[in-house]
Structure formats: C-alpha cells, structure tokens
Amino acid sequence: MPPRRRPQFTQENIDQQLQQIHLLDPSSSSENLEQLGPIIKQIHSNRQQEVFLRTVRGLIDFKDAEIEKICGDNYQDFISSVSTLFTVKSYTDKMKENIQSLDASVSQLGRGLVEKKRALLQSKKTAANLDEAIDTLQACLRVLDVVNRVGEMIQEGKYWGALRSLEDIQSMPSTSLSQTPLFQHLLSSLPSLRAQIKDAVTASMKQWLLEIRNVSAEVGRLANEAMETRTRRWRSRREKDSSLRRSRVGSAVEMITYEKTEFNVLDNDSICVDFTPLFECIHIYTTLNSLDELQRSYQADRKVRHLAICLMIVLKERLKAQSDLILPNPLPLAFLPQLTQEISGFFIVETHVLETTNSFRSEREVKELWDSLVAGLTSSITNALQTEKDPDEYFRVKECLLGFIMTLETSPYSTDPLQSFILLLFERYAKLLETQFSRRFESIVYQDDHQPMQIEAQTETDAVLEVVLLADTDKARIKQSHPPFTLPWSQTFYLCCQDIHGFIDKFYAYTDGVSQHYSNIDELLNKSLDNLLTEHVSEAIGRRLASLSTLSQIAQIITNLEYFQALCPELERSLANLQSAQRGGAIRLTARASFEATLIRSLGRITGLITSKLDQFFELSEYEWTPATREDAPSMYLYELVNWLTTVVDSLVIKEAYKDEAYKGALEYIAGCLMNFLTGRDISIMNENAISNILVDVDFLDEELKRIGRSHLSSVFVELRMTSSIPLSDTVHEYLVPAMRHTSYSAVKPKRLQSLLEKLARFGATQRDPAARELAEKRRKEADAVGRVFPGEGR
C-alpha cells in the first residue's frame, strides 16, 4: 500500500487557523490560545514546522510594519494621551492606597467573623455527629432487640416469625449502621441463629414424631371401631333386606346407601393429631433450602418406626423378649388386633402426610414399607397358625385382618396380598371346621338316648321348627299339635340340624366381606357337608346300631334316618339361597343314599334282634319228628311266639311299611327254621306225620297273619308248603317233569326236596312193615332222581 500523502499548508490555511484562535480577529476581546495546541500538534505530526515558522515570521513582520505605520501617523495624539495617562495613574495610585487601607480594615474585621463562622461550623458538625451517633445507637438497639426477640420466639415456638426477623435484618437497606462492626458481627451471627431455629424446629418435629408413635395405636383403634360400627350397621340392614345379602361393606351398593356420618379419625372427641409441627418444619426447611435433609431424616425415623411395629415393642415388653431385633415368632395371635391397630395408625398418619405435603413424602417408599410389613405380618401369622387346630382362631384372624383391610381400603396401599392370604387360610379353615363338626356330630350320635323329643310349650315348638330342616307341610302339621306332645325325632336329628346351620354359617361367615372369592367355595361346601352327613352322621349311626339291642331305640333311629333323608333336599334348597356371590353349579348332596343304606341296615338290625329272640322260642319247640299220629292243633310255643312278635313289632313307632319289613323278616326266619327242620342236617330222620304237623303250624301262622291284617306275608311259606306237599301228595313224578316243575313247583329247590325224601326213606327203612319199607325204597329212588335233576342246584 503506497504511503499516505501528507497535507501541505498554504498561507491561506495558516491565516485561517490563526483566525480561528482569534489572533487575527479584531472583533475578539480575548485571546483564545487554547485552540493553538491542536493546531501545533497537527503541524508537528505532519512535520511542517519549518514551513509554519516561516509563514508565522512573515506574518509577524507584516504586523510590525502595520504598527509602525499606525504609530507614525498618530504620534501627537499618542503623546497627549500619554500625559493624560500619567495624570490618571497618579489618581489611580492614590485611590489604590485608599483601597489598600480600607482592605486592611475590612480584612481585620473579616478575620474575626471567619473565626466565629469556623467555630459555628465546628459546633454544627459536632452536633450532626452526635445526632448520627444517636441514630446509629438507636438503630443498633432496634437490631439488638430484634435479635433478642428472635431468641424469645424460638423459645415460644414461633420459628417462622424468628426466621422472618432474621431475613428482615439481612435485607435492611444500606445505612450508616451497615458499616459498623456491630452490624457486621450481627450479620456474621445470622447463620448460627438460623441453625438454632433449624435445631429447635427439628426438635419440635422429633417430639411430634414421638407423640405420633404413642397415639398411632389409638388412631388405629378408633379407625377400626368406626369400621366395625359401619359393618354392624350394614349387616343389620342386610339381614332385613335379602336383596343386599351378597353386598359387602365398601361395595357400590353399600357406598350408595351408607348414611355417612363424618368422623375424622385424626380429629375427634377422643384424640386430636396436630400436624402443625411437621408442616412448620417443612416450611422452615424449605426456606432454608434444606428440605432434602428433612426428608431423609423423616423417612429414616418413620422407617425405624416401621421396624418398631415389626418388633412389636409392646409385645416384647409383655412377653419379656430378650432380643430387640427379632419379631416374636410365632406371633401371639392374642395380640394381633393390637398389632393391626398399630399398623393402621401408622399408615393413616402416612396417608395424611402424603395428601397434605405434596412431594415431601415419597409415596414409593411408603408403599415399600407397606409391602414389606404385609409380607412380614402374613409370614408371622402363618407360622403362628401352623399348630393351630381351632377353626375359631382362624376366623378371629380373618375378622381381624378383614377389619384391618377395610380400614385401609380407601388408602393408596394395595390390600390384594392380604385378601389372597385370607383365602389361603380359608382352605385350612374349612378342613379344621369340618374336623371340628365331625367330632360334634359323632358326639351327638353317641350321646343320644334315642327317645322322642318332648315339647312342653309352644315357644319350644317354634324354636325347634326354626332349626330343623323340614318341608313346610311337615312344619305346618307339627305346629297344629298342642303341647305337651312328642316330636317324631330324637335329639340326634335336632342337634345335627342345629350344627348344620352352625357349620354353614361359619363356612360362609369366613368369606363374608372378602372382596376376592374362593373359586369353588360352593363346591367345597357341598363336599364338606356330604362328608359330614355321610361319614360322621350316617355311618356313625350305623356304628351305633351295633351297640343297641333295644328295638324301640332302633325304631327311633329309623325315624331319624327318614328325616335325615328328607333333610337333604331341604338343605339343597336352603343352600341355593345362600350360595356365594360367585355362584357355582347347583348343590347336590349324595348323603341321602348313605342314609338310605343306613336305614336298610337299621331294619336289618331289627330283624336280627327279632330273629335272635325267635331262636329262643324254637329252642322250646320240642317237635316229635317220628310221631305215630298227626296233630290237629299247632305247637304251643307258637302261641307265645306270635303274641310276642305282634306285640313287639306293633309297638315300634315306625311306618307300616317298615313294620311289614320286620314281620316279613321274622316270618322268613320262621319259615327258614321250619324248612331247616325238614331239610337240614340236624334232623336225620322224619316221617310224613311230622311234616303234616309242621304244616299245621304254618296254617296257624297264616291264620294269625290274616287276623292282624298282614295276610300278604303268607307268601314266605310258599316254598315250605310246596316242598312239604310233594311227598305228602306223592307227586315226585310230576316234579321230575320239567314243564310241571317250572310251572307248579318253581319255588321248590331240588336239594331240599332230595334231603326231605332221604329223611323219609331213612324212616321207612327202619320199619318192619313191608309196605313201609317199599315206600322207603321208593323215596330213596325219588331222592336220587331229584338229585340228578340239576346237580348242585339249590346249594
């Protein structure tokens, strides 16, 4: 880049510049030399000094020439002017002396005034300093008073006011006080004062936490009592309205119909939990930007409280436990309500803190505490119930846990694990309940005297009919009876009905209020009832039969069994109305078949007892098996036998059909004994007269059956009559004809006929009469022929 060309100054430029500084301006009354500096600096920077100086000297010479010319033209005037000036100068000197004299006088007077003025100003300055000092001291006193008041407010618990006072001190506007060492010292002490406030409010919160620990159980107890009151009110209403039977507390129907009474479990007549210390502490820590520290401290304290609940300090003291860190295992179930109240109170407080302090409390951590506590609680209860055999204890645990669940069901904590745990316990509860009632049913059966129940008053009738499971027609018939009277059943039926109701009530009572439902509760109930009725009622009655020998007691058992049979369909209908909310299939009891089988065994037992007595009569029969003549009258023992049989059977309080069964069984036994006389091995020889005498006894029995109106039972003697008639009527040859045998002698068994013929043959063989001996040979041959008809038949 070529060097910049420096500007060159001409005469006109220099004149112009000098004109600017009034050197050449005749109209200017003052010289403005200040502007000469920049011009000289510019000339110097452009290195034009020589040029400029030459120009200036030329100008000076020009001006000197002008002056000389002027002076030469006005010389005389100048001389006169000079003399005038000298005159003026003399006057001026004199005036100057006068002025100097006056100035000295004035100066002397002024110095005195100045001294006074200076003294006055010094006094004012001192006064101003004093005023400023007073103001500063007063300001210091005010600040000190505020600081002192801060200490008092801390002691009075006015932490927020104390903190605000410190903020006011720190934010004071800048004044003379701000520069004082005292104020600076106060400012430096503010952090320690804030720390005092922080410590004081922390101590207040710690005290509050201690109080909360002490009242948590009471809070839980009040909440549980409130829920129990609500539950009782709903159950009472549900009992009055059958349509509400399947609705539990907390269901949509209950929530709609619930006549809610405001009850604040944290603020009521019994207790008042004030959360102000916590809120104030949160506010103070937030202002101090230390909220995280408070959160950690609070969470740690509540976690320790959570552990304390797990340890159950109260239980430890009562049980004198030796360890501070071990949960009583197994957990004493008697203290479970107290433990659940502690837990309820703890989480009710935590819920309130969560709802009122925004994000101060970690909801996730509280839920983790809840989950761990529920897991520990269920584990301890499980261990405590390991050896428990009483289903009522299971029910009390369920009721306690259910109240606990309903108390906290509206809280943000999941109660599903507890609901599932209750249903898990239900399986064991059902088994233990069945075991408990099985013992009760068997005790009822074995302790019953098997006598009809006596009713002395109408109230007793109503009470019994309220319990027993009967058809409405049967109940109406019994209600028509006027006390005193006897009921058809004994204590067994009544007490079993009572316990069936108790079993069903306890069975369904366990699931009452549980939001979840056991998948096959009705199927399990069906199975349990069938098992109880079959194995512990029906079969127990069957076992009891073996030890009874009194016909009236067995007759009463038969009547009871009839009512047990009728009980089954009535119980099915009753259960259909009581089935759980999750309905399964229709309940069908199979126990009726067992009762029917036991009833048949009972009838067989009656027959067995009767036949054992009949044996005694037959021991007295004293038949003559080879009489010379035939008898026209029946045997004497039959009179006593028939009289005893009719008296005993007719006195049994059972249905006529069952009496027919008893008569039939007895007559079959009698027919069997008579047949055994004719064809059995005990008697080896017999003649026709003995057979005829047996038939006379059979005719007597037929007549007696007609007399008592049971002639249809004569059919039991058909085989005896037919078997006896063949040798008496000498029609063996007809029996040997297959067609005749199947039509006319179908009831006759060949072996028995053969045995009878052999006995007759042996009798004839002992006779000396040729005709008798010939007949005996004939009987022998007939016996052989009959034996060849169907070998082995009739054995």
# chains A, B, ... in the order shown; residues from 1 in each chain; ligands from 1
>>> closest_atom_pairs(of="segment 536-565 of chain A", to="segment 650-661 of chain A", cutoff="12 Å", atoms="only C-alpha atoms", output="CSV")
residue,atom,partner,partner_atom,distance
A:Thr550,CA,A:Leu652,CA,10.6
A:Leu551,CA,A:Leu652,CA,7.3
A:Ser552,CA,A:Leu652,CA,6.0
A:Gln553,CA,A:Leu652,CA,9.2
A:Ile554,CA,A:Leu652,CA,9.1
A:Ala555,CA,A:Leu652,CA,6.1
A:Gln556,CA,A:Val653,CA,7.1
A:Ile557,CA,A:Ile654,CA,9.7
A:Ile558,CA,A:Ile654,CA,7.3
A:Thr559,CA,A:Ile654,CA,6.4
A:Asn560,CA,A:Ile654,CA,10.2
A:Leu561,CA,A:Ile654,CA,11.1
A:Glu562,CA,A:Ile654,CA,9.8
>>> write_last_selection(atoms="all heavy atoms", output="mmCIF file, in the first residue's frame")
data_model
loop_
_atom_site.group_PDB
_atom_site.id
_atom_site.type_symbol
_atom_site.label_atom_id
_atom_site.label_comp_id
_atom_site.auth_asym_id
_atom_site.auth_seq_id
_atom_site.Cartn_x
_atom_site.Cartn_y
_atom_site.Cartn_z
ATOM 1 N N THR A 550 -82.040 -102.555 71.957
ATOM 2 C CA THR A 550 -83.429 -102.209 72.281
ATOM 3 C C THR A 550 -84.143 -101.825 70.999
ATOM 4 O O THR A 550 -83.717 -100.900 70.290
ATOM 5 C CB THR A 550 -83.485 -101.044 73.277
ATOM 6 O OG1 THR A 550 -82.726 -101.389 74.442
ATOM 7 C CG2 THR A 550 -84.915 -100.732 73.658
ATOM 8 N N LEU A 551 -85.224 -102.536 70.709
ATOM 9 C CA LEU A 551 -85.927 -102.311 69.454
ATOM 10 C C LEU A 551 -86.508 -100.902 69.364
ATOM 11 O O LEU A 551 -86.536 -100.312 68.284
ATOM 12 C CB LEU A 551 -87.042 -103.350 69.294
ATOM 13 C CG LEU A 551 -86.564 -104.790 69.057
ATOM 14 C CD1 LEU A 551 -87.755 -105.748 69.072
ATOM 15 C CD2 LEU A 551 -85.828 -104.886 67.737
ATOM 16 N N SER A 552 -86.955 -100.351 70.469
ATOM 17 C CA SER A 552 -87.538 -99.006 70.423
ATOM 18 C C SER A 552 -86.487 -97.966 70.044
ATOM 19 O O SER A 552 -86.767 -97.004 69.318
ATOM 20 C CB SER A 552 -88.161 -98.655 71.773
ATOM 21 O OG SER A 552 -87.169 -98.674 72.796
ATOM 22 N N GLN A 553 -85.263 -98.141 70.511
ATOM 23 C CA GLN A 553 -84.190 -97.218 70.156
ATOM 24 C C GLN A 553 -83.842 -97.339 68.672
ATOM 25 O O GLN A 553 -83.623 -96.332 67.992
ATOM 26 C CB GLN A 553 -82.954 -97.494 71.009
ATOM 27 C CG GLN A 553 -83.114 -97.106 72.471
ATOM 28 C CD GLN A 553 -81.847 -97.373 73.269
ATOM 29 O OE1 GLN A 553 -81.220 -98.426 73.114
ATOM 30 N NE2 GLN A 553 -81.497 -96.430 74.128
ATOM 31 N N ILE A 554 -83.820 -98.568 68.194
ATOM 32 C CA ILE A 554 -83.525 -98.752 66.772
ATOM 33 C C ILE A 554 -84.650 -98.192 65.923
ATOM 34 O O ILE A 554 -84.421 -97.597 64.861
ATOM 35 C CB ILE A 554 -83.300 -100.250 66.474
ATOM 36 C CG1 ILE A 554 -82.101 -100.756 67.274
ATOM 37 C CG2 ILE A 554 -83.099 -100.477 64.985
ATOM 38 C CD1 ILE A 554 -81.854 -102.235 67.159
ATOM 39 N N ALA A 555 -85.889 -98.362 66.390
ATOM 40 C CA ALA A 555 -87.022 -97.779 65.680
ATOM 41 C C ALA A 555 -86.892 -96.255 65.621
ATOM 42 O O ALA A 555 -87.202 -95.622 64.601
ATOM 43 C CB ALA A 555 -88.331 -98.181 66.352
ATOM 44 N N GLN A 556 -86.427 -95.663 66.717
ATOM 45 C CA GLN A 556 -86.229 -94.216 66.734
ATOM 46 C C GLN A 556 -85.124 -93.811 65.740
ATOM 47 O O GLN A 556 -85.230 -92.779 65.069
ATOM 48 C CB GLN A 556 -85.850 -93.745 68.136
ATOM 49 C CG GLN A 556 -85.700 -92.237 68.269
ATOM 50 C CD GLN A 556 -86.978 -91.506 67.937
ATOM 51 O OE1 GLN A 556 -87.988 -91.687 68.607
ATOM 52 N NE2 GLN A 556 -86.956 -90.707 66.887
ATOM 53 N N ILE A 557 -84.097 -94.642 65.652
ATOM 54 C CA ILE A 557 -83.029 -94.370 64.677
ATOM 55 C C ILE A 557 -83.596 -94.411 63.264
ATOM 56 O O ILE A 557 -83.249 -93.578 62.418
ATOM 57 C CB ILE A 557 -81.880 -95.393 64.835
ATOM 58 C CG1 ILE A 557 -81.082 -95.075 66.107
ATOM 59 C CG2 ILE A 557 -80.976 -95.384 63.612
ATOM 60 C CD1 ILE A 557 -79.961 -96.049 66.385
ATOM 61 N N ILE A 558 -84.492 -95.356 63.007
ATOM 62 C CA ILE A 558 -85.112 -95.444 61.679
ATOM 63 C C ILE A 558 -85.892 -94.171 61.374
ATOM 64 O O ILE A 558 -85.802 -93.608 60.273
ATOM 65 C CB ILE A 558 -86.016 -96.687 61.593
ATOM 66 C CG1 ILE A 558 -85.162 -97.954 61.632
ATOM 67 C CG2 ILE A 558 -86.867 -96.650 60.336
ATOM 68 C CD1 ILE A 558 -85.956 -99.233 61.710
ATOM 69 N N THR A 559 -86.637 -93.705 62.367
ATOM 70 C CA THR A 559 -87.388 -92.460 62.173
ATOM 71 C C THR A 559 -86.433 -91.294 61.919
ATOM 72 O O THR A 559 -86.664 -90.459 61.031
ATOM 73 C CB THR A 559 -88.256 -92.170 63.405
ATOM 74 O OG1 THR A 559 -89.144 -93.273 63.627
ATOM 75 C CG2 THR A 559 -89.059 -90.896 63.208
ATOM 76 N N ASN A 560 -85.362 -91.246 62.705
ATOM 77 C CA ASN A 560 -84.373 -90.180 62.489
ATOM 78 C C ASN A 560 -83.800 -90.234 61.078
ATOM 79 O O ASN A 560 -83.636 -89.202 60.414
ATOM 80 C CB ASN A 560 -83.231 -90.303 63.506
ATOM 81 C CG ASN A 560 -83.657 -89.939 64.911
ATOM 82 O OD1 ASN A 560 -84.704 -89.342 65.121
ATOM 83 N ND2 ASN A 560 -82.856 -90.322 65.885
ATOM 84 N N LEU A 561 -83.494 -91.438 60.624
ATOM 85 C CA LEU A 561 -82.925 -91.584 59.290
ATOM 86 C C LEU A 561 -83.903 -91.143 58.206
ATOM 87 O O LEU A 561 -83.493 -90.590 57.172
ATOM 88 C CB LEU A 561 -82.495 -93.036 59.063
ATOM 89 C CG LEU A 561 -81.267 -93.483 59.864
ATOM 90 C CD1 LEU A 561 -81.083 -94.991 59.772
ATOM 91 C CD2 LEU A 561 -80.016 -92.768 59.349
ATOM 92 N N GLU A 562 -85.183 -91.400 58.444
ATOM 93 C CA GLU A 562 -86.183 -90.920 57.485
ATOM 94 C C GLU A 562 -86.139 -89.395 57.375
ATOM 95 O O GLU A 562 -86.186 -88.825 56.275
ATOM 96 C CB GLU A 562 -87.581 -91.363 57.923
ATOM 97 C CG GLU A 562 -87.843 -92.840 57.719
ATOM 98 C CD GLU A 562 -89.267 -93.175 58.116
ATOM 99 O OE1 GLU A 562 -89.642 -92.894 59.283
ATOM 100 O OE2 GLU A 562 -90.002 -93.689 57.274
#
>>> atom_distance(atom1="atom CA of His482 of chain A", atom2="atom CA of Val467 of chain A")
18.9 Å
>>> atom_distance(atom1="atom CA of Arg588 of chain A", atom2="atom CA of Leu533 of chain A")
12.9 Å
>>> residues_around(residues="Asp699 of chain A", least_positions_apart="6", cutoff="10 Å", atoms="only C-alpha atoms", output="short mmCIF file (atom, residue, chain, number, x, y, z; two decimals) with C-alpha atoms, in the first residue's frame")
data_model
loop_
_atom_site.label_atom_id
_atom_site.label_comp_id
_atom_site.auth_asym_id
_atom_site.auth_seq_id
_atom_site.Cartn_x
_atom_site.Cartn_y
_atom_site.Cartn_z
CA ALA A 633 -103.53 -128.15 66.94
CA PRO A 634 -100.43 -126.05 66.43
CA ASN A 693 -97.60 -131.24 61.95
CA LEU A 705 -101.38 -113.09 59.73
CA SER A 714 -98.07 -115.68 53.87
CA PHE A 717 -94.25 -120.10 53.41
CA ARG A 721 -95.71 -125.67 51.63
#
>>> residues_around(residues="Leu432 of chain A", least_positions_apart="5", cutoff="7 Å", atoms="only C-alpha atoms", output="list in words")
Lys389, Asp390 and Pro391 of chain A
>>> write_last_selection(atoms="N, CA, C and O atoms", output="CSV table (one decimal), in the first residue's frame")
chain,number,residue,atom,x,y,z
A,389,LYS,N,-55.3,-75.8,65.8
A,389,LYS,CA,-56.4,-76.7,65.3
A,389,LYS,C,-57.8,-76.2,65.5
A,389,LYS,O,-58.7,-76.8,65.1
A,390,ASP,N,-57.9,-75.0,66.1
A,390,ASP,CA,-59.2,-74.5,66.4
A,390,ASP,C,-59.6,-73.6,65.2
A,390,ASP,O,-59.0,-72.5,65.0
A,391,PRO,N,-60.7,-73.9,64.5
A,391,PRO,CA,-61.1,-73.0,63.3
A,391,PRO,C,-61.5,-71.7,63.8
A,391,PRO,O,-61.5,-70.7,63.0
>>> residues_around(residues="segment 495-498 of chain A", least_positions_apart="4", cutoff="9 Å", atoms="only C-alpha atoms", output="list of chain:residue names")
A:Arg440, A:Phe441, A:Ile444, A:Val445, A:Val467, A:Val468, A:Leu469, A:Ser490, A:Gln491, A:Gly502, A:Phe503, A:Val537, A:Leu567
>>> atom_distance(atom1="atom CA of Ala591 of chain A", atom2="atom CA of Ala576 of chain A")
16.9 Å
>>> closest_residue(among="A:Val789, A:Leu354, A:Cys281, A:Leu760", to="Ala690 of chain A", atoms="only C-alpha atoms")
A:Leu760
>>> residues_around(residues="Leu278 of chain A", least_positions_apart="3", cutoff="10 Å", atoms="only C-alpha atoms", output="mmCIF file with N, CA and C atoms, in the first residue's frame")
data_model
loop_
_atom_site.group_PDB
_atom_site.id
_atom_site.type_symbol
_atom_site.label_atom_id
_atom_site.label_comp_id
_atom_site.auth_asym_id
_atom_site.auth_seq_id
_atom_site.Cartn_x
_atom_site.Cartn_y
_atom_site.Cartn_z
ATOM 1 N N VAL A 201 -36.782 -26.269 65.519
ATOM 2 C CA VAL A 201 -37.936 -26.805 64.794
ATOM 3 C C VAL A 201 -37.769 -28.303 64.565
ATOM 4 N N THR A 202 -36.518 -28.761 64.412
ATOM 5 C CA THR A 202 -36.269 -30.201 64.277
ATOM 6 C C THR A 202 -36.616 -30.930 65.573
ATOM 7 N N SER A 204 -38.743 -29.912 67.730
ATOM 8 C CA SER A 204 -40.207 -29.891 67.825
ATOM 9 C C SER A 204 -40.810 -31.022 67.003
ATOM 10 N N MET A 205 -40.264 -31.228 65.782
ATOM 11 C CA MET A 205 -40.792 -32.299 64.946
ATOM 12 C C MET A 205 -40.479 -33.666 65.549
ATOM 13 N N LYS A 206 -39.289 -33.824 66.140
ATOM 14 C CA LYS A 206 -38.943 -35.096 66.782
ATOM 15 C C LYS A 206 -39.904 -35.391 67.933
ATOM 16 N N TRP A 208 -42.898 -34.285 68.097
ATOM 17 C CA TRP A 208 -44.176 -34.611 67.448
ATOM 18 C C TRP A 208 -44.177 -36.056 66.968
ATOM 19 N N LEU A 209 -43.060 -36.499 66.399
ATOM 20 C CA LEU A 209 -42.962 -37.881 65.941
ATOM 21 C C LEU A 209 -43.098 -38.857 67.102
ATOM 22 N N ASP A 274 -52.271 -33.130 65.757
ATOM 23 C CA ASP A 274 -51.934 -31.839 65.161
ATOM 24 C C ASP A 274 -50.674 -31.999 64.312
ATOM 25 N N PHE A 275 -50.826 -31.745 63.020
ATOM 26 C CA PHE A 275 -49.694 -31.868 62.099
ATOM 27 C C PHE A 275 -48.941 -30.552 61.919
ATOM 28 N N CYS A 281 -42.112 -27.371 60.222
ATOM 29 C CA CYS A 281 -40.746 -27.825 59.983
ATOM 30 C C CYS A 281 -40.464 -27.892 58.487
ATOM 31 N N ILE A 282 -41.429 -28.411 57.720
ATOM 32 C CA ILE A 282 -41.254 -28.465 56.266
ATOM 33 C C ILE A 282 -41.085 -27.057 55.703
ATOM 34 N N HIS A 283 -41.895 -26.110 56.191
ATOM 35 C CA HIS A 283 -41.834 -24.728 55.710
ATOM 36 C C HIS A 283 -40.484 -24.103 56.044
ATOM 37 N N ILE A 284 -40.010 -24.314 57.265
ATOM 38 C CA ILE A 284 -38.722 -23.737 57.681
ATOM 39 C C ILE A 284 -37.588 -24.337 56.854
ATOM 40 N N TYR A 298 -36.826 -37.572 58.200
ATOM 41 C CA TYR A 298 -38.199 -38.038 58.460
ATOM 42 C C TYR A 298 -38.369 -39.478 57.979
ATOM 43 N N VAL A 353 -50.026 -37.443 55.632
ATOM 44 C CA VAL A 353 -48.812 -36.690 55.273
ATOM 45 C C VAL A 353 -48.647 -36.667 53.756
ATOM 46 N N THR A 357 -48.767 -32.819 52.024
ATOM 47 C CA THR A 357 -47.434 -32.219 51.903
ATOM 48 C C THR A 357 -46.860 -32.356 50.499
#
>>> residues_around(residues="segment 453-460 of chain A", least_positions_apart="4", cutoff="8 Å", atoms="only C-alpha atoms", output="CSV table (one decimal) with N, CA and C atoms, in the first residue's frame")
chain,number,residue,atom,x,y,z
A,464,VAL,N,-87.8,-75.2,67.9
A,464,VAL,CA,-87.3,-76.4,67.3
A,464,VAL,C,-87.5,-76.3,65.8
A,482,HIS,N,-100.7,-79.5,70.0
A,482,HIS,CA,-100.7,-78.6,71.2
A,482,HIS,C,-99.9,-79.2,72.3
A,483,PRO,N,-99.0,-78.5,72.8
A,483,PRO,CA,-98.1,-79.0,73.9
A,483,PRO,C,-99.0,-79.5,75.1
A,484,PRO,N,-98.5,-80.4,75.9
A,484,PRO,CA,-97.2,-81.2,75.6
A,484,PRO,C,-97.5,-82.3,74.6
A,485,PHE,N,-96.5,-82.6,73.8
A,485,PHE,CA,-96.5,-83.7,72.9
A,485,PHE,C,-95.1,-84.1,72.5
A,486,THR,N,-94.9,-85.2,71.8
A,486,THR,CA,-93.6,-85.7,71.5
A,486,THR,C,-93.4,-85.5,70.0
A,487,LEU,N,-92.2,-85.1,69.6
A,487,LEU,CA,-91.8,-85.0,68.2
A,487,LEU,C,-91.4,-86.4,67.7
A,488,PRO,N,-91.5,-86.6,66.4
A,488,PRO,CA,-91.2,-87.9,65.9
A,488,PRO,C,-89.7,-88.2,65.9
A,489,TRP,N,-88.8,-87.2,66.0
A,489,TRP,CA,-87.4,-87.5,66.0
A,489,TRP,C,-86.8,-87.3,67.4
A,490,SER,N,-85.6,-87.7,67.6
A,490,SER,CA,-84.9,-87.6,68.9
A,490,SER,C,-83.9,-86.4,68.8
A,491,GLN,N,-83.1,-86.3,69.8
A,491,GLN,CA,-82.1,-85.2,69.9
A,491,GLN,C,-81.1,-85.2,68.8
>>> select_by_dssp(residues="segment 640-754 of chain A", states="helix (DSSP H, G or I)", output="MDAnalysis selection string")
chainID A and resid 640:651 656:679 688:707 711:728 732:735 738:744 750:754
